[in-house]
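Here is the file input-v8.txt (compact mmCIF, C-alpha atoms).
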```
# COMPACT_ATOMS: atom_id res chain seq x y z
CA MET E 1449 -200.30 164.40 -204.85
CA LYS E 1450 -199.22 167.42 -202.79
CA LYS E 1451 -195.67 168.61 -203.37
CA LEU E 1452 -193.18 170.16 -200.94
CA LEU E 1453 -189.96 171.94 -201.94
CA GLN E 1454 -187.57 172.93 -199.16
CA ILE E 1455 -184.58 175.26 -199.55
CA ASN E 1456 -181.38 175.34 -197.47
CA PRO E 1457 -177.74 175.87 -198.47
CA VAL E 1458 -176.32 172.74 -196.83
CA MET E 1459 -177.31 169.09 -196.61
CA ARG E 1460 -174.43 167.85 -194.45
CA THR E 1461 -175.14 165.38 -191.65
CA ASN E 1462 -173.42 167.61 -189.07
CA THR E 1463 -175.58 170.66 -189.78
CA SER E 1464 -178.83 171.02 -187.86
CA THR E 1465 -180.67 172.88 -190.64
CA GLY E 1466 -179.73 170.25 -193.22
CA ARG E 1467 -180.86 167.45 -190.93
CA ILE E 1468 -184.13 169.23 -190.14
CA MET E 1469 -184.87 169.71 -193.85
CA LYS E 1470 -184.13 166.05 -194.56
CA GLU E 1471 -186.33 164.77 -191.74
CA ILE E 1472 -189.27 167.09 -192.48
CA GLY E 1473 -189.15 165.80 -196.06
CA GLU E 1474 -189.22 162.20 -194.88
CA LEU E 1475 -192.21 162.85 -192.63
CA ALA E 1476 -194.01 164.67 -195.45
CA MET E 1477 -193.52 161.65 -197.70
CA ALA E 1478 -194.87 159.38 -194.96
CA ASN E 1479 -197.97 161.58 -195.03
CA GLY E 1480 -198.45 161.25 -198.77
CA TRP E 1481 -196.46 164.21 -200.10
CA GLU E 1482 -193.81 164.37 -202.79
CA SER E 1483 -190.68 165.93 -201.30
CA TYR E 1484 -187.89 167.93 -202.96
CA VAL E 1485 -184.86 169.51 -201.28
CA ALA E 1486 -182.94 172.36 -202.93
CA TYR E 1487 -179.40 172.96 -201.67
CA SER E 1488 -176.13 174.51 -202.80
CA GLY E 1489 -174.49 172.31 -205.41
CA GLY E 1490 -171.17 173.96 -204.63
CA ARG E 1491 -171.03 172.92 -200.97
CA ASP E 1492 -169.65 169.68 -199.53
CA GLY E 1493 -171.26 166.72 -197.82
CA LEU E 1494 -174.66 165.78 -199.27
CA MET E 1495 -176.30 163.37 -196.84
CA HIS E 1496 -178.45 160.52 -198.07
CA THR E 1497 -182.06 161.54 -198.48
CA THR E 1498 -185.15 159.89 -199.93
CA SER E 1499 -186.42 163.32 -201.02
CA VAL E 1500 -185.60 164.33 -204.59
CA PRO E 1501 -182.39 166.43 -204.43
CA VAL E 1502 -182.33 169.71 -206.37
CA PRO E 1503 -178.75 171.09 -206.51
CA VAL E 1504 -178.46 174.85 -207.01
CA GLY E 1505 -175.35 176.30 -208.68
CA ASP E 1506 -171.84 174.89 -208.47
CA ARG E 1507 -168.46 175.64 -206.90
CA LEU E 1508 -167.77 178.46 -209.34
CA SER E 1509 -171.03 180.27 -208.53
CA VAL E 1510 -170.36 179.84 -204.80
CA ALA E 1511 -166.86 181.28 -205.23
CA TRP E 1512 -168.18 184.30 -207.17
CA HIS E 1513 -170.85 184.86 -204.53
CA ALA E 1514 -168.11 184.81 -201.88
CA VAL E 1515 -166.18 187.48 -203.80
CA GLN E 1516 -169.29 189.68 -203.99
CA THR E 1517 -169.77 189.18 -200.26
CA ARG E 1518 -166.20 189.77 -199.12
CA LEU E 1519 -165.53 192.84 -201.23
CA PHE E 1520 -168.90 194.52 -201.70
CA ASP E 1521 -171.13 193.25 -198.86
CA ARG E 1522 -173.62 191.88 -201.40
CA HIS E 1523 -174.45 188.61 -199.71
CA GLY E 1524 -177.60 187.09 -201.19
CA LEU E 1525 -177.36 189.26 -204.30
CA ALA E 1526 -175.09 187.18 -206.54
CA SER E 1527 -175.85 183.67 -207.97
CA ILE E 1528 -178.15 185.13 -210.62
CA LYS E 1529 -177.84 182.26 -213.08
CA ALA E 1530 -178.15 179.61 -210.36
CA THR E 1531 -181.32 181.24 -209.00
CA LYS E 1532 -182.93 181.49 -212.44
CA GLU E 1533 -182.17 177.80 -212.98
CA LEU E 1534 -183.80 176.98 -209.65
CA ILE E 1535 -186.90 178.94 -210.68
CA LYS E 1536 -187.12 176.88 -213.87
CA LYS E 1537 -186.97 173.78 -211.71
CA ILE E 1538 -189.70 175.14 -209.42
CA ASP E 1539 -191.88 175.70 -212.50
CA GLU E 1540 -191.34 172.05 -213.46
CA ILE E 1541 -192.07 170.71 -209.98
CA ARG E 1542 -195.03 173.03 -209.30
CA PRO E 1543 -194.85 172.68 -205.51
CA ASP E 1544 -197.83 173.43 -203.30
CA ILE E 1545 -195.50 174.61 -200.51
CA VAL E 1546 -192.06 176.19 -200.70
CA HIS E 1547 -190.45 175.89 -197.27
CA ILE E 1548 -187.37 178.09 -196.84
CA HIS E 1549 -184.87 177.41 -194.08
CA ASN E 1550 -181.84 179.55 -194.95
CA ILE E 1551 -181.11 181.39 -198.18
CA HIS E 1552 -177.87 182.96 -196.96
CA GLY E 1553 -175.07 180.60 -197.85
CA TYR E 1554 -173.49 181.87 -201.08
CA PHE E 1555 -175.95 180.14 -203.42
CA LEU E 1556 -179.12 182.20 -204.06
CA ASN E 1557 -180.20 185.66 -205.16
CA TYR E 1558 -183.06 186.62 -202.86
CA GLU E 1559 -184.34 189.48 -205.04
CA ILE E 1560 -184.88 187.18 -208.01
CA LEU E 1561 -186.31 184.37 -205.88
CA PHE E 1562 -188.81 186.58 -204.06
CA ASP E 1563 -189.85 188.43 -207.21
CA TYR E 1564 -190.83 185.00 -208.54
CA LEU E 1565 -192.49 183.77 -205.34
CA SER E 1566 -194.45 186.99 -204.81
CA HIS E 1567 -196.04 186.65 -208.25
CA SER E 1568 -196.76 182.93 -207.97
CA ASP E 1569 -199.66 181.24 -206.19
CA ILE E 1570 -197.36 179.15 -203.97
CA GLN E 1571 -197.70 179.17 -200.19
CA VAL E 1572 -194.32 179.99 -198.61
CA VAL E 1573 -193.21 178.90 -195.14
CA TRP E 1574 -189.99 180.41 -193.79
CA THR E 1575 -188.34 178.88 -190.73
CA VAL E 1576 -186.23 181.49 -188.96
CA HIS E 1577 -183.07 179.81 -187.67
CA ASP E 1578 -181.19 183.11 -187.18
CA CYS E 1579 -181.60 186.86 -187.68
CA TRP E 1580 -180.11 187.41 -191.14
CA LEU E 1581 -183.38 187.83 -193.02
CA TYR E 1582 -184.29 191.07 -191.21
CA THR E 1583 -180.87 192.71 -190.72
CA GLY E 1584 -178.68 194.62 -193.11
CA HIS E 1585 -175.74 192.29 -192.66
CA CYS E 1586 -175.33 190.08 -189.60
CA TYR E 1587 -176.90 186.74 -188.74
CA HIS E 1588 -177.08 187.68 -185.04
CA TYR E 1589 -176.78 190.99 -183.21
CA ASP E 1590 -177.22 190.10 -179.53
CA LEU E 1591 -173.53 190.14 -178.61
CA ALA E 1592 -173.06 193.50 -180.34
CA ARG E 1593 -176.11 194.88 -178.49
CA CYS E 1594 -177.23 196.38 -181.79
CA THR E 1595 -180.82 197.49 -182.46
CA ARG E 1596 -180.31 199.37 -185.74
CA TRP E 1597 -182.21 196.63 -187.61
CA GLN E 1598 -185.43 197.86 -185.96
CA THR E 1599 -185.42 201.10 -187.97
CA ARG E 1600 -182.71 200.89 -190.64
CA CYS E 1601 -179.27 199.33 -190.47
CA HIS E 1602 -176.18 201.47 -191.08
CA HIS E 1603 -172.48 201.45 -190.15
CA CYS E 1604 -172.64 197.78 -189.21
CA PRO E 1605 -170.57 197.00 -186.09
CA GLN E 1606 -170.23 193.41 -187.30
CA LYS E 1607 -169.15 194.01 -190.89
CA HIS E 1608 -166.28 191.54 -190.47
CA LYS E 1609 -168.52 188.84 -188.98
CA PHE E 1610 -170.38 186.25 -191.09
CA PRO E 1611 -171.14 186.95 -193.87
CA ALA E 1612 -167.95 188.98 -193.64
CA SER E 1613 -167.22 191.97 -195.86
CA TRP E 1614 -163.60 193.10 -195.94
CA LEU E 1615 -164.18 196.26 -197.98
CA LEU E 1616 -167.58 197.94 -198.19
CA ASP E 1617 -170.34 198.38 -195.64
CA ARG E 1618 -173.60 198.05 -197.57
CA SER E 1619 -175.76 197.38 -194.52
CA ALA E 1620 -178.14 200.33 -195.08
CA ARG E 1621 -178.79 199.36 -198.70
CA ASN E 1622 -179.02 195.66 -197.78
CA TRP E 1623 -181.69 196.43 -195.17
CA GLU E 1624 -183.73 198.34 -197.75
CA ASP E 1625 -183.26 195.62 -200.39
CA LYS E 1626 -184.37 192.88 -198.01
CA LYS E 1627 -187.35 194.86 -196.83
CA LYS E 1628 -188.48 195.46 -200.42
CA ALA E 1629 -187.93 191.86 -201.51
CA PHE E 1630 -189.38 190.02 -198.52
CA THR E 1631 -192.37 192.30 -197.93
CA SER E 1632 -193.30 191.92 -201.60
CA MET E 1633 -194.86 188.61 -200.54
CA PRO E 1634 -198.63 188.89 -200.09
CA LYS E 1635 -199.48 188.50 -196.42
CA ASP E 1636 -201.77 185.55 -197.08
CA ARG E 1637 -198.99 183.57 -198.75
CA LEU E 1638 -196.05 183.90 -196.35
CA THR E 1639 -196.03 182.26 -192.93
CA ILE E 1640 -192.97 182.85 -190.75
CA VAL E 1641 -191.93 180.11 -188.32
CA PRO E 1642 -189.48 181.26 -185.62
CA VAL E 1643 -187.71 178.41 -183.80
CA SER E 1644 -187.98 180.24 -180.47
CA ASP E 1645 -190.35 182.59 -178.72
CA TRP E 1646 -187.42 184.96 -178.28
CA ILE E 1647 -186.85 185.47 -182.00
CA ARG E 1648 -190.61 185.80 -182.50
CA ARG E 1649 -190.61 188.71 -180.06
CA GLU E 1650 -187.60 190.23 -181.80
CA MET E 1651 -189.27 190.06 -185.20
CA SER E 1652 -192.26 191.96 -183.88
CA GLU E 1653 -189.92 194.98 -184.10
CA SER E 1654 -188.77 194.20 -187.66
CA PHE E 1655 -190.12 195.11 -191.10
CA LEU E 1656 -191.78 191.66 -191.18
CA LYS E 1657 -193.89 192.30 -188.09
CA ASP E 1658 -197.24 192.25 -189.94
CA TYR E 1659 -196.96 188.70 -191.29
CA ASP E 1660 -198.47 185.54 -189.82
CA TYR E 1661 -196.26 183.72 -187.32
CA GLN E 1662 -196.23 180.28 -185.75
CA THR E 1663 -193.41 179.32 -183.41
CA ILE E 1664 -192.23 175.72 -183.86
CA HIS E 1665 -189.33 174.68 -181.66
CA ASN E 1666 -186.71 172.36 -183.07
CA GLY E 1667 -186.76 168.73 -181.97
CA ILE E 1668 -184.17 166.00 -181.61
CA ASP E 1669 -183.94 162.22 -181.80
CA ILE E 1670 -184.69 161.41 -178.17
CA ASP E 1671 -184.11 157.71 -178.82
CA ALA E 1672 -180.50 158.45 -179.81
CA PHE E 1673 -180.03 161.07 -177.10
CA CYS E 1674 -181.05 159.13 -174.02
CA PRO E 1675 -179.44 158.37 -170.65
CA LYS E 1676 -176.53 155.95 -170.98
CA PRO E 1677 -175.30 155.36 -167.42
CA GLN E 1678 -173.66 152.14 -168.52
CA GLY E 1679 -171.16 154.20 -170.56
CA ASP E 1680 -170.03 156.33 -167.60
CA SER E 1681 -167.02 154.20 -166.62
CA GLU E 1682 -165.93 153.89 -170.25
CA VAL E 1683 -166.03 157.67 -170.78
CA ARG E 1684 -164.05 158.27 -167.61
CA ALA E 1685 -161.44 155.66 -168.53
CA ARG E 1686 -161.17 156.83 -172.16
CA TYR E 1687 -160.36 160.43 -171.23
CA GLY E 1688 -158.58 159.84 -167.92
CA ILE E 1689 -161.25 161.67 -165.92
CA GLY E 1690 -161.36 159.35 -162.94
CA ASP E 1691 -163.88 160.33 -160.27
CA ARG E 1692 -163.92 164.05 -161.08
CA HIS E 1693 -167.16 165.92 -161.75
CA ILE E 1694 -167.55 166.60 -165.47
CA ILE E 1695 -168.56 170.12 -166.52
CA LEU E 1696 -169.45 169.59 -170.18
CA GLY E 1697 -169.55 172.09 -173.04
CA VAL E 1698 -170.47 171.25 -176.65
CA ALA E 1699 -170.34 173.42 -179.78
CA SER E 1700 -169.82 172.84 -183.49
CA ILE E 1701 -167.60 175.94 -183.67
CA TRP E 1702 -166.10 177.41 -180.49
CA SER E 1703 -165.81 181.18 -180.15
CA ASP E 1704 -166.34 183.86 -177.54
CA GLU E 1705 -169.96 184.04 -178.70
CA LYS E 1706 -170.32 180.41 -177.62
CA GLY E 1707 -168.58 181.10 -174.31
CA LEU E 1708 -165.05 179.81 -174.87
CA GLY E 1709 -163.58 182.73 -172.92
CA ASP E 1710 -166.05 182.07 -170.10
CA PHE E 1711 -164.85 178.48 -169.81
CA VAL E 1712 -161.27 179.75 -169.58
CA SER E 1713 -162.33 182.07 -166.75
CA MET E 1714 -164.22 179.25 -165.09
CA ALA E 1715 -161.23 176.91 -165.18
CA GLY E 1716 -159.27 179.08 -162.79
CA LYS E 1717 -161.98 178.70 -160.14
CA LEU E 1718 -162.44 174.92 -160.24
CA ASN E 1719 -161.78 172.53 -157.40
CA ASP E 1720 -159.45 169.57 -157.83
CA ASP E 1721 -162.43 167.22 -158.20
CA GLU E 1722 -163.86 169.14 -161.19
CA ILE E 1723 -162.85 169.03 -164.87
CA ILE E 1724 -164.12 170.83 -167.98
CA VAL E 1725 -164.71 168.66 -171.05
CA LEU E 1726 -165.15 170.63 -174.28
CA VAL E 1727 -166.52 168.85 -177.36
CA GLY E 1728 -165.90 170.36 -180.79
CA ILE E 1729 -162.43 171.84 -180.28
CA ASP E 1730 -158.94 170.49 -180.82
CA ARG E 1731 -156.25 170.79 -178.20
CA LYS E 1732 -154.10 173.20 -180.19
CA MET E 1733 -156.91 175.73 -180.56
CA LEU E 1734 -157.58 175.60 -176.83
CA ASP E 1735 -153.87 175.87 -175.95
CA ASP E 1736 -153.54 178.87 -178.27
CA ARG E 1737 -156.44 180.54 -176.51
CA LEU E 1738 -154.99 179.79 -173.08
CA ALA E 1739 -151.69 181.30 -174.22
CA GLU E 1740 -153.47 184.47 -175.36
CA GLU E 1741 -155.00 184.77 -171.90
CA GLY E 1742 -151.68 183.95 -170.17
CA ALA E 1743 -153.46 180.98 -168.62
CA GLN E 1744 -151.35 178.05 -169.82
CA ALA E 1745 -151.29 176.65 -166.29
CA LEU E 1746 -155.00 175.97 -166.60
CA GLY E 1747 -154.45 173.45 -169.38
CA ASP E 1748 -154.87 170.51 -167.03
CA LYS E 1749 -158.35 171.73 -166.14
CA PHE E 1750 -159.54 170.87 -169.66
CA ILE E 1751 -160.11 167.77 -171.72
CA THR E 1752 -160.88 168.34 -175.39
CA VAL E 1753 -162.86 166.08 -177.71
CA LYS E 1754 -162.86 166.70 -181.46
CA ARG E 1755 -166.12 167.51 -183.20
CA THR E 1756 -168.14 164.36 -183.82
CA ALA E 1757 -171.38 163.41 -185.57
CA ASP E 1758 -171.50 160.16 -183.56
CA THR E 1759 -174.68 160.55 -181.51
CA GLY E 1760 -173.81 157.50 -179.41
CA GLN E 1761 -170.52 159.07 -178.32
CA LEU E 1762 -172.20 162.40 -177.62
CA ALA E 1763 -174.98 160.73 -175.61
CA GLU E 1764 -172.39 158.97 -173.46
CA LEU E 1765 -170.61 162.26 -172.78
CA TYR E 1766 -173.86 164.04 -171.93
CA SER E 1767 -174.87 161.18 -169.65
CA ALA E 1768 -171.53 161.12 -167.83
CA ALA E 1769 -171.56 164.86 -167.13
CA THR E 1770 -172.56 166.29 -163.78
CA ALA E 1771 -173.84 169.38 -165.58
CA PHE E 1772 -174.03 170.69 -169.12
CA VAL E 1773 -172.90 174.32 -169.19
CA ASN E 1774 -173.86 176.56 -172.11
CA PRO E 1775 -172.45 180.08 -171.52
CA THR E 1776 -173.61 181.29 -174.93
CA TRP E 1777 -173.85 185.03 -175.56
CA GLN E 1778 -176.15 184.79 -178.58
CA ASP E 1779 -178.42 181.92 -179.56
CA ASN E 1780 -181.89 181.27 -180.88
CA TYR E 1781 -182.75 177.77 -179.61
CA PRO E 1782 -179.61 175.66 -179.17
CA THR E 1783 -180.22 171.96 -179.71
CA VAL E 1784 -177.31 171.07 -177.42
CA ASN E 1785 -179.51 172.04 -174.47
CA LEU E 1786 -182.18 169.63 -175.69
CA GLU E 1787 -179.65 166.85 -176.19
CA ALA E 1788 -178.24 167.22 -172.67
CA ILE E 1789 -181.67 167.25 -171.01
CA SER E 1790 -182.77 164.27 -173.10
CA CYS E 1791 -179.74 162.38 -171.76
CA GLY E 1792 -180.84 163.17 -168.20
CA THR E 1793 -178.30 165.93 -167.53
CA PRO E 1794 -179.31 169.35 -166.13
CA VAL E 1795 -178.37 172.47 -168.11
CA VAL E 1796 -176.78 175.67 -166.84
CA THR E 1797 -177.06 178.52 -169.33
CA TYR E 1798 -176.90 182.28 -169.55
CA ARG E 1799 -180.09 184.31 -169.90
CA THR E 1800 -179.46 184.58 -173.62
CA GLY E 1801 -182.00 184.66 -176.44
CA GLY E 1802 -183.91 181.40 -176.79
CA SER E 1803 -181.33 179.36 -174.89
CA VAL E 1804 -183.52 179.50 -171.77
CA GLU E 1805 -186.64 178.13 -173.45
CA ALA E 1806 -185.77 174.43 -173.20
CA ILE E 1807 -185.17 174.62 -169.45
CA SER E 1808 -187.64 174.23 -166.58
CA GLU E 1809 -186.94 174.69 -162.87
CA ASP E 1810 -186.55 170.91 -162.57
CA THR E 1811 -184.10 170.51 -165.45
CA GLY E 1812 -181.60 173.33 -165.16
CA PHE E 1813 -180.55 176.76 -164.03
CA ILE E 1814 -180.37 180.20 -165.67
CA VAL E 1815 -177.72 182.75 -164.69
CA GLU E 1816 -176.98 186.22 -165.99
CA GLN E 1817 -174.52 186.67 -168.83
CA GLY E 1818 -170.89 186.70 -167.67
CA ASP E 1819 -171.70 185.57 -164.12
CA ILE E 1820 -168.97 182.94 -163.80
CA GLU E 1821 -169.38 182.73 -160.03
CA GLY E 1822 -173.09 182.12 -160.55
CA VAL E 1823 -172.38 179.29 -162.99
CA ILE E 1824 -169.98 177.62 -160.58
CA SER E 1825 -172.41 178.05 -157.71
CA VAL E 1826 -175.25 176.23 -159.46
CA VAL E 1827 -172.89 173.56 -160.81
CA ARG E 1828 -171.86 172.83 -157.23
CA LYS E 1829 -175.50 172.76 -156.21
CA ILE E 1830 -176.00 170.04 -158.82
CA GLU E 1831 -172.91 168.25 -157.52
CA SER E 1832 -174.27 168.29 -153.95
CA LEU E 1833 -177.74 167.08 -154.98
CA GLY E 1834 -176.33 164.47 -157.35
CA ARG E 1835 -177.08 164.27 -161.06
CA ASP E 1836 -179.41 161.30 -160.46
CA CYS E 1837 -181.76 163.76 -158.76
CA PHE E 1838 -182.38 165.37 -162.17
CA ARG E 1839 -182.28 162.40 -164.54
CA ASP E 1840 -185.93 161.30 -164.53
CA LYS E 1841 -187.27 164.86 -164.62
CA CYS E 1842 -184.98 165.75 -167.50
CA ARG E 1843 -185.95 162.67 -169.45
CA SER E 1844 -189.64 163.27 -168.84
CA ARG E 1845 -189.35 166.82 -170.16
CA ALA E 1846 -187.58 165.58 -173.28
CA GLU E 1847 -190.20 162.94 -173.98
CA LYS E 1848 -192.97 165.52 -173.65
CA ASN E 1849 -191.40 168.43 -175.54
CA PHE E 1850 -188.34 167.53 -177.61
CA ARG E 1851 -189.38 164.58 -179.79
CA LYS E 1852 -188.52 165.58 -183.35
CA GLU E 1853 -191.44 163.64 -184.83
CA ASP E 1854 -193.86 165.75 -182.79
CA ARG E 1855 -192.22 169.03 -183.79
CA TYR E 1856 -192.04 168.12 -187.49
CA ALA E 1857 -195.69 167.04 -187.40
CA GLU E 1858 -196.50 170.67 -186.61
CA TYR E 1859 -195.09 171.59 -190.03
CA ILE E 1860 -197.26 169.02 -191.82
CA GLU E 1861 -200.30 170.38 -189.97
CA LEU E 1862 -199.28 173.92 -190.98
CA TYR E 1863 -198.90 172.91 -194.65
CA ASP E 1864 -202.34 171.30 -194.67
CA ARG E 1865 -203.93 174.30 -192.99
CA LEU E 1866 -202.39 176.71 -195.52
CA LEU E 1867 -203.62 174.64 -198.45
CA SER E 1868 -207.16 174.48 -197.03
CA ARG E 1869 -207.56 178.27 -197.02
```

Please go through the file and, once you have read it, give me the structure as C-alpha cells.
Amino acid sequence: MKKLLQINPVMRTNTSTGRIMKEIGELAMANGWESYVAYSGGRDGLMHTTSVPVPVGDRLSVAWHAVQTRLFDRHGLASIKATKELIKKIDEIRPDIVHIHNIHGYFLNYEILFDYLSHSDIQVVWTVHDCWLYTGHCYHYDLARCTRWQTRCHHCPQKHKFPASWLLDRSARNWEDKKKAFTSMPKDRLTIVPVSDWIRREMSESFLKDYDYQTIHNGIDIDAFCPKPQGDSEVRARYGIGDRHIILGVASIWSDEKGLGDFVSMAGKLNDDEIIVLVGIDRKMLDDRLAEEGAQALGDKFITVKRTADTGQLAELYSAATAFVNPTWQDNYPTVNLEAISCGTPVVTYRTGGSVEAISEDTGFIVEQGDIEGVISVVRKIESLGRDCFRDKCRSRAEKNFRKEDRYAEYIELYDRLLSR
C-alpha cells in the first residue's frame, strides 16, 4: 500500500493549513493510501483525524526554538533532537511521498530534514502557503516592498515581524542556509506546489526557480459555505443591524496588513444606511485602534464579532452581507474570498498578490491598494444593483472552481504521477 506523510506545525481546526493537511490525508486514504500527519507536539489544539498522527517535539523544544528565534534569528535551525526523532519515524514508516506544508513553526530543523530527504529516494511535494521558504527571514514581503530575496537577503526591514527576532539580524546567513538546504534536493524528487499563480511568478525569481512547479489553488467546503438567505433576518436582529447594508470583513488576526486601518478610514465615509461588520476582532481591540486614530466617534459604524470556527455562523454572515470587502495588503490566496463567493456574496479586494485570483468580473471588483474611495464606489454599485444580482453567478463560480474535493484530487493525481516516473 502506498504511504503518504504530511508535515505541518499545527493541526488546529481553525487553521487552514492544518485543515488542508487533514482533508488531503482523508482523501488519500479513500484512494487506498496509508496516511500519516506530522505536527508540532508542543502546540495546542490537535483536531480529530483518521490519519496516523506523528507528534514532533514537545513544549520544551518549542520554547527553546522560540528563544533561538527571538534572540538570534535562527528560526528553523533549532529542534535538533525533535527533527532526528522525526527522521527515525520516517525510516519506520517508509513513505512514498513526503508532502510538506509549512516547516516554520518552532518545531523542525530544516537543515537536518533536507539533508535526510536529499539523500533518500522519497518524492517530496512542498505546498507553498507563504514566502518563508525562499526569504532570509519574513513570511511575506509585499507590504515592505522588499525584493532583496531575489538576490540575497540582508538588513531585513521586517526583523521584528514573524518569526520575530529582537536581537540579531541573520537574514543574509539564513538566505544562504535555506538556499543550500532546499536546493540540495535533486530536481527530479522535489515538486513545488504554489497555492496561487502570483506566488508561482514570484518564485520564478527565487533560488528555487529551476524546480518543477504545479499550481493547486486551495479549496473550501462549498456545502458548508453556501447561500443562507433564510438566516438574514436572524443575523440582522442578533447584531442590531436593521435594514442597513452590511460591509463585511473577516480575518483570523486583524492587522494593518489585513486592512484594519483601511476599514477605519472607510468608516468615516459611510452613509447612515451602511455598517461595517468585522469578524475576528473583539470590541476592545477595535476601540483601542479607533482611539489611536482619534476616531472614537466612528465606533457606531462598526459591529464586531469574535473569531469563530462555526461555519454555519460564518455562512450566515457572508450571506447577509451586501459585499465582502478584503482590503488586504499582502496575501497569497485568501480563503475568505472563496467563502464569500460560495455564499453568493460579491468580493471587493485590493490588487494584492493572489487575492484577485478567485474573482471574476461577475463575482467581484478589484481596486488599487489604498483606494478607499474606489472601494466605497464599487460597494455602492453593488448596493444599487442588489446583491441578488450576483448570487447565482457567485455560487456557480464556487461550484466550478472552489470545491475542496476537486482541488485535493489534484494532489492525489500528482502523487500518482510522481510515483509512475

Distance query Asp1854 (chain E) at most 12 Å, all atoms listed in the file, self and fewer than 2 positions along chain excluded, as number ranges by chain: E: 1471-1472, 1475, 1664-1670, 1846-1852, 1856-1861

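Distance annotation: of E:Arg1522, E:Leu1615, E:Leu1786, E:Ile1640, the residue with the minimal separation from Val1573 (chain E) is E:Ile1640; atom set is all atoms listed in the file.
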
Surrounding residues of Arg1686 (chain E) excluding itself and chain neighbours under 2 positions, 12 Å, all atoms listed in the file, as an NGL selection string: :E and (1679-1684 or 1688-1690 or 1751-1753 or 1761 or 1764-1765)

Selected residues written out with C-alpha atoms, as a compact mmCIF listing (two decimals), in the coordinates of the input:
```
# COMPACT_ATOMS: atom_id res chain seq x y z
CA GLY E 1679 -171.16 154.20 -170.56
CA ASP E 1680 -170.03 156.33 -167.60
CA SER E 1681 -167.02 154.20 -166.62
CA GLU E 1682 -165.93 153.89 -170.25
CA VAL E 1683 -166.03 157.67 -170.78
CA ARG E 1684 -164.05 158.27 -167.61
CA GLY E 1688 -158.58 159.84 -167.92
CA ILE E 1689 -161.25 161.67 -165.92
CA GLY E 1690 -161.36 159.35 -162.94
CA ILE E 1751 -160.11 167.77 -171.72
CA THR E 1752 -160.88 168.34 -175.39
CA VAL E 1753 -162.86 166.08 -177.71
CA GLN E 1761 -170.52 159.07 -178.32
CA GLU E 1764 -172.39 158.97 -173.46
CA LEU E 1765 -170.61 162.26 -172.78
```

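Comparing the minimum interatomic distances between Pro1782 (chain E) and each of E:Met1733, E:Val1827, E:Ala1763, E:Ala1699, counting only C-alpha atoms, we find that E:Ala1699 sits nearest.
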
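Picture a line from CA of Met1449 (chain E) to CA of Gly1505 (chain E); it runs 27.9 Å.
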